[in-house]
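For reference, upload_9.csv (CSV, C-alpha atoms and all ligand atoms):
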chain,number,residue,atom,x,y,z
A,13,MET,CA,75.2,-72.6,23.0
A,14,ILE,CA,73.3,-71.2,20.0
A,15,ILE,CA,72.6,-67.4,20.4
A,16,ALA,CA,69.7,-65.6,18.7
A,17,LYS,CA,67.8,-62.4,19.0
A,18,GLN,CA,64.3,-61.4,18.4
A,19,LYS,CA,63.5,-60.0,15.0
A,20,ASP,CA,62.2,-56.4,14.7
A,21,MET,CA,58.5,-56.2,15.5
A,22,THR,CA,57.7,-54.7,12.1
A,23,GLU,CA,59.1,-57.8,10.4
A,24,ILE,CA,57.3,-60.2,12.7
A,25,ALA,CA,54.0,-58.3,12.3
A,26,LYS,CA,54.5,-58.4,8.5
A,27,MET,CA,55.1,-62.2,8.6
A,28,VAL,CA,52.0,-62.9,10.6
A,29,ALA,CA,49.7,-60.4,8.9
A,30,PRO,CA,48.0,-62.9,6.6
A,31,TYR,CA,47.0,-65.2,9.6
A,32,SER,CA,44.5,-64.7,12.3
A,33,ARG,CA,45.1,-68.0,14.2
A,34,ILE,CA,48.6,-68.1,15.5
A,35,TYR,CA,50.4,-70.4,17.9
A,36,VAL,CA,53.5,-68.9,19.5
A,37,VAL,CA,56.0,-71.4,20.8
A,38,GLY,CA,59.2,-71.0,22.7
A,39,CYS,CA,62.2,-73.3,23.1
A,40,GLY,CA,63.4,-74.4,26.6
A,41,MET,CA,67.1,-74.8,25.7
A,42,CYS,CA,69.5,-72.3,24.3
A,43,MET,CA,66.8,-69.8,23.4
A,44,THR,CA,65.6,-69.7,27.0
A,45,TYR,CA,69.1,-69.4,28.3
A,46,CYS,CA,70.1,-66.5,25.9
A,47,SER,CA,66.8,-64.7,26.7
A,48,ALA,CA,65.5,-64.8,23.1
A,49,GLY,CA,62.8,-67.5,23.2
A,50,GLY,CA,62.0,-68.5,26.7
A,51,PRO,CA,58.6,-68.3,28.6
A,52,GLU,CA,59.1,-64.5,29.3
A,53,GLU,CA,59.8,-63.7,25.7
A,54,VAL,CA,56.9,-65.8,24.4
A,55,GLU,CA,54.6,-64.0,26.8
A,56,LYS,CA,55.9,-60.5,25.8
A,57,LEU,CA,55.8,-61.2,22.1
A,58,ALA,CA,52.2,-62.6,22.4
A,59,GLU,CA,51.1,-59.5,24.3
A,60,ARG,CA,52.6,-57.2,21.6
A,61,LEU,CA,51.0,-59.1,18.8
A,62,MET,CA,47.6,-59.1,20.5
A,63,ALA,CA,47.9,-55.3,21.2
A,64,GLY,CA,48.2,-54.6,17.5
A,65,ARG,CA,45.5,-56.9,16.2
A,66,GLU,CA,41.9,-57.2,17.3
A,67,ASP,CA,41.2,-60.1,15.0
A,68,LEU,CA,43.9,-62.3,16.3
A,69,ILE,CA,43.3,-65.6,18.0
A,70,LEU,CA,46.5,-66.5,19.7
A,71,GLU,CA,47.8,-69.4,21.9
A,72,LYS,CA,51.2,-69.7,23.3
A,73,GLY,CA,53.3,-72.5,24.8
A,74,MET,CA,56.8,-73.9,25.3
A,75,ILE,CA,58.5,-77.2,24.4
A,76,PRO,CA,61.8,-78.3,25.9
A,77,ARG,CA,63.6,-78.4,22.5
A,78,GLN,CA,62.4,-77.4,19.1
A,79,CYS,CA,65.2,-79.5,17.4
A,80,SER,CA,63.9,-82.8,18.7
A,81,GLU,CA,61.1,-84.8,17.1
A,82,LYS,CA,59.9,-86.2,20.4
A,83,PHE,CA,59.2,-82.7,21.8
A,84,ILE,CA,57.9,-81.3,18.5
A,85,GLU,CA,55.3,-84.1,18.6
A,86,ARG,CA,53.7,-82.3,21.6
A,87,LEU,CA,52.7,-79.5,19.2
A,88,GLU,CA,50.5,-81.8,17.1
A,89,GLU,CA,47.4,-81.5,19.2
A,90,LYS,CA,48.1,-77.9,20.5
A,91,THR,CA,48.5,-76.4,17.0
A,92,ARG,CA,45.7,-78.3,15.3
A,93,ASP,CA,43.4,-75.3,15.0
A,94,PHE,CA,46.0,-72.8,14.1
A,95,GLU,CA,47.0,-71.6,10.7
A,96,ALA,CA,50.6,-70.6,11.6
A,97,ILE,CA,53.2,-71.4,14.2
A,98,LEU,CA,55.4,-68.5,15.2
A,99,SER,CA,58.6,-70.1,16.5
A,100,LEU,CA,61.0,-68.6,19.0
A,101,GLY,CA,63.5,-71.4,18.3
A,102,CYS,CA,66.8,-71.1,16.5
A,103,GLY,CA,67.0,-71.7,12.7
A,104,ASN,CA,67.5,-75.4,13.5
A,105,GLY,CA,64.3,-75.5,15.6
A,106,VAL,CA,62.2,-73.6,13.1
A,107,GLN,CA,63.2,-76.0,10.3
A,108,ALA,CA,62.5,-79.0,12.4
A,109,VAL,CA,59.0,-77.8,13.3
A,110,ALA,CA,58.4,-76.8,9.6
A,111,MET,CA,59.4,-80.4,8.5
A,112,ARG,CA,57.0,-81.9,11.0
A,113,PHE,CA,54.1,-79.7,9.9
A,114,PRO,CA,54.6,-79.2,6.1
A,115,ASP,CA,51.0,-78.0,5.6
A,116,LYS,CA,51.3,-75.2,8.2
A,117,ARG,CA,53.1,-71.9,7.9
A,118,VAL,CA,56.0,-72.0,10.4
A,119,LEU,CA,57.5,-68.6,10.9
A,120,PRO,CA,60.8,-67.5,12.6
A,121,ALA,CA,60.4,-64.9,15.3
A,122,LEU,CA,64.2,-64.9,15.9
A,123,ASP,CA,67.4,-64.2,13.9
A,124,THR,CA,69.9,-66.9,14.8
A,125,GLN,CA,73.3,-65.3,15.4
A,126,PHE,CA,76.1,-67.7,16.3
A,127,ILE,CA,77.5,-70.4,18.6
A,128,GLY,CA,79.0,-68.6,21.6
A,129,ILE,CA,79.6,-68.3,25.3
A,130,GLU,CA,78.4,-65.9,27.9
A,131,LYS,CA,81.3,-63.5,28.7
A,132,GLU,CA,79.4,-61.7,31.3
A,133,SER,CA,75.7,-61.6,32.3
A,134,GLY,CA,73.8,-60.8,29.1
A,135,LEU,CA,76.9,-60.5,26.8
A,136,TRP,CA,77.6,-63.3,24.3
A,137,THR,CA,80.7,-63.8,22.2
A,138,GLU,CA,81.0,-65.9,19.1
A,139,MET,CA,83.4,-68.8,19.5
A,140,CYS,CA,82.7,-71.4,16.9
A,141,MET,CA,81.3,-71.5,13.4
A,142,ALA,CA,80.8,-75.2,13.4
A,143,CYS,CA,83.3,-75.6,10.5
A,144,GLY,CA,83.4,-79.4,10.8
A,145,ASP,CA,87.2,-79.6,11.0
A,146,CYS,CA,88.4,-78.4,14.4
A,147,ILE,CA,91.9,-77.1,14.6
A,148,LEU,CA,91.8,-75.8,18.2
A,149,TRP,CA,94.5,-78.4,19.2
A,150,ARG,CA,97.1,-76.5,17.2
A,151,THR,CA,95.9,-73.0,18.1
A,152,ALA,CA,96.0,-73.1,21.9
A,153,GLY,CA,92.3,-73.5,22.1
A,154,ILE,CA,91.6,-70.2,20.3
A,155,CYS,CA,89.6,-70.5,17.1
A,156,PRO,CA,91.0,-68.4,14.2
A,157,VAL,CA,88.1,-69.3,11.9
A,158,THR,CA,85.8,-67.4,14.2
A,159,ARG,CA,87.9,-65.0,16.2
A,160,CYS,CA,90.3,-63.7,13.6
A,161,ALA,CA,88.4,-61.0,11.6
A,162,LYS,CA,89.8,-62.4,8.4
A,163,GLY,CA,89.5,-66.1,9.4
A,164,LEU,CA,93.2,-66.6,8.7
A,165,LEU,CA,94.5,-70.1,9.3
A,166,ASN,CA,98.3,-69.7,9.1
A,167,GLY,CA,99.2,-66.7,11.2
A,168,PRO,CA,98.5,-63.0,11.5
A,169,CYS,CA,97.8,-60.6,8.8
A,170,GLY,CA,100.5,-58.2,10.1
A,171,GLY,CA,98.0,-55.4,10.9
A,172,SER,CA,97.6,-55.9,14.6
A,173,GLN,CA,98.6,-53.0,16.9
A,174,GLU,CA,99.4,-53.6,20.5
A,175,GLY,CA,97.5,-56.9,20.6
A,176,ARG,CA,94.4,-55.5,19.0
A,177,CYS,CA,92.9,-56.4,15.6
A,178,GLU,CA,93.4,-54.0,12.8
A,179,VAL,CA,89.7,-54.2,12.0
A,180,SER,CA,88.7,-52.8,15.4
A,181,ASN,CA,90.5,-51.7,18.5
A,182,ASP,CA,87.8,-53.5,20.6
A,183,ILE,CA,88.8,-56.9,19.3
A,184,PRO,CA,91.9,-58.7,20.5
A,185,CYS,CA,94.1,-60.0,17.6
A,186,ALA,CA,93.2,-63.8,17.7
A,187,TRP,CA,96.7,-64.6,16.2
A,188,GLN,CA,98.5,-62.7,18.9
A,189,GLU,CA,96.5,-64.6,21.5
A,190,ILE,CA,97.3,-67.9,19.7
A,191,TYR,CA,101.0,-67.0,19.7
A,192,TYR,CA,101.1,-66.3,23.4
A,193,GLY,CA,99.0,-69.3,24.1
A,194,LEU,CA,101.3,-71.7,22.2
A,195,LYS,CA,104.3,-70.0,23.8
A,196,ARG,CA,102.9,-70.5,27.3
A,197,LEU,CA,102.2,-74.2,26.5
A,198,GLY,CA,105.8,-74.6,25.1
A,199,ILE,CA,104.5,-75.7,21.7
A,200,LEU,CA,105.4,-72.7,19.5
A,201,ASP,CA,106.7,-75.2,16.9
A,202,TYR,CA,103.1,-75.8,15.9
A,203,LEU,CA,103.3,-72.4,14.1
A,204,LYS,CA,105.9,-73.9,11.7
A,205,THR,CA,103.6,-76.4,10.2
A,206,GLU,CA,101.2,-75.3,7.6
A,207,VAL,CA,97.4,-75.7,8.1
A,208,GLN,CA,95.8,-76.9,5.0
A,209,ILE,CA,93.3,-74.6,3.5
A,210,LYS,CA,89.9,-75.7,4.6
A,211,SER,CA,87.8,-77.6,2.1
A,212,TRP,CA,84.3,-76.3,3.0
A,213,SER,CA,82.9,-78.9,0.7
A,214,VAL,CA,83.6,-81.6,3.4
A,215,ARG,CA,81.7,-79.7,6.1
A,216,PRO,CA,79.2,-82.3,7.4
A,217,GLY,CA,75.6,-81.4,6.7
A,218,ARG,CA,74.3,-84.8,7.8
A,219,LEU,CA,75.8,-87.3,10.3
A,220,ALA,CA,74.3,-90.5,11.3
A,221,ARG,CA,74.3,-91.5,15.0
A,222,GLU,CA,76.9,-94.1,14.2
A,223,GLU,CA,79.3,-91.5,12.7
A,224,LEU,CA,79.0,-89.4,15.8
A,225,LYS,CA,80.3,-92.1,18.0
A,226,PRO,CA,84.0,-92.1,18.9
A,227,GLN,CA,85.8,-94.6,16.7
B,301,LIG,S1,88.1,-74.6,14.2
B,301,LIG,FE1,86.8,-73.0,15.1
B,301,LIG,S2,85.0,-73.0,13.8
B,301,LIG,FE2,86.0,-74.9,13.4
B,301,LIG,S3,85.0,-76.4,14.8
B,301,LIG,FE3,86.9,-75.6,15.8
B,301,LIG,S4,86.2,-73.9,17.1
B,301,LIG,FE4,84.6,-74.3,15.6
B,302,LIG,S1,94.9,-58.2,13.2
B,302,LIG,FE1,94.9,-60.3,14.0
B,302,LIG,S2,92.7,-60.9,14.3
B,302,LIG,FE2,92.7,-59.0,13.1
B,302,LIG,S3,92.6,-59.8,11.0
B,302,LIG,FE3,94.8,-59.6,11.4
B,302,LIG,S4,95.4,-61.6,12.2
B,302,LIG,FE4,93.2,-61.5,12.3
Spit out the file's structure as structure tokens when you get a sec.
Amino acid sequence: MIIAKQKDMTEIAKMVAPYSRIYVVGCGMCMTYCSAGGPEEVEKLAERLMAGREDLILEKGMIPRQCSEKFIERLEEKTRDFEAILSLGCGNGVQAVAMRFPDKRVLPALDTQFIGIEKESGLWTEMCMACGDCILWRTAGICPVTRCAKGLLNGPCGGSQEGRCEVSNDIPCAWQEIYYGLKRLGILDYLKTEVQIKSWSVRPGRLAREELKPQ
């Protein structure tokens, strides 16, 4: 899931300051689930904006996904009389809405953080940076790109202490976890093969539906 958090109100107020007709729209998928851009957050943000501006004409709404053309289409009629759309979608959603309405100001109300999982209620942990070349099969399902503070691909830096990362005692050393994971699975030999340095230039920025299908 994509995780985001609301921007500081000062920044949001500055972004919307030049506009007096604003449509605030939330997203019904990840942003609702991580409590950054669901119906409640849309409601609260709208209230706070209205409280600070007497001149403001504001409408609010939700669409199921801001990253899908078929749902963005629903905004056509609703946003017709508005100068700006304040989106509580992730960076993906904001851009998709901006592409659909190139003559309107489309503004991000959120800061997109990462792809992660919910560790416990309300606490999210980053798990994947969408690098486009997944090596989890050789690292016991633990991502060193994301979970090693230095993003090391071929083993630990040597600085871990009692299983904790040298960068912070709060973080488990990803490579120690990889080691124990591989050992548990009886595939420690994987550590003897070198992982090629990632070529970030091959990170896919565009994929056609056909390319996404299993070969
Ligand atoms: S290696 Fe890590 S960052 Fe890359 S796709 Fe796999 S989980 Fe995501
Ligand atoms: S201590 Fe472990 S997690 Fe931290 S930077 Fe070194 S190898 Fe990576």
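Nearest residue to Ile209 (chain A), choosing from A:Pro184, A:Gly163, A:Gly170, A:Gly193 and counting all atoms listed in the file: A:Gly163.
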Subject >> Residues within 8 Å of Val118 (chain A), only C-alpha atoms, excluding chain neighbours under 4 positions, as a ChimeraX atom specification >> reply: /A:96-99,106,109-110,113
Original post:
How many Å separate CA of Cys177 (chain A) from atom S2 of ligand LIG 302 (chain B)?
Top reply: 4.7 Å
Within 9 Å of ligand LIG 301 (chain B), counting all atoms listed in the file, residues as a JSON list (two decimals) with C-alpha atoms, keeping the file's coordinate frame:
[["chain", "number", "residue", "atom", "x", "y", "z"],
["A", 127, "ILE", "CA", 77.50, -70.40, 18.60],
["A", 139, "MET", "CA", 83.40, -68.80, 19.50],
["A", 140, "CYS", "CA", 82.70, -71.40, 16.90],
["A", 141, "MET", "CA", 81.30, -71.50, 13.40],
["A", 142, "ALA", "CA", 80.80, -75.20, 13.40],
["A", 143, "CYS", "CA", 83.30, -75.60, 10.50],
["A", 144, "GLY", "CA", 83.40, -79.40, 10.80],
["A", 145, "ASP", "CA", 87.20, -79.60, 11.00],
["A", 146, "CYS", "CA", 88.40, -78.40, 14.40],
["A", 147, "ILE", "CA", 91.90, -77.10, 14.60],
["A", 148, "LEU", "CA", 91.80, -75.80, 18.20],
["A", 149, "TRP", "CA", 94.50, -78.40, 19.20],
["A", 151, "THR", "CA", 95.90, -73.00, 18.10],
["A", 153, "GLY", "CA", 92.30, -73.50, 22.10],
["A", 154, "ILE", "CA", 91.60, -70.20, 20.30],
["A", 155, "CYS", "CA", 89.60, -70.50, 17.10],
["A", 156, "PRO", "CA", 91.00, -68.40, 14.20],
["A", 157, "VAL", "CA", 88.10, -69.30, 11.90],
["A", 158, "THR", "CA", 85.80, -67.40, 14.20],
["A", 159, "ARG", "CA", 87.90, -65.00, 16.20]]
**OP:** Collect all residues with atoms no farther than 12 Å from ligand LIG 302 (chain B), counting all atoms listed in the file, and output them as a ChimeraX atom specification.
**Re:** /A:154-191
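Nearest to Asp115 (chain A) of all the residues A:Thr91, A:Glu130, A:Val37, A:Trp136 is A:Thr91, based on only C-alpha atoms.
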Original post:
Of the residues A:Asp123, A:Glu81, A:Glu206, A:Glu132, which is the one nearest to Lys19 (chain A), using all atoms listed in the file?
Top reply: A:Asp123
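Taking all atoms listed in the file into account, Ser32 (chain A) lies nearest to A:Ile69 out of the set A:Lys131, A:Ile69, A:Tyr192, A:Asp201.
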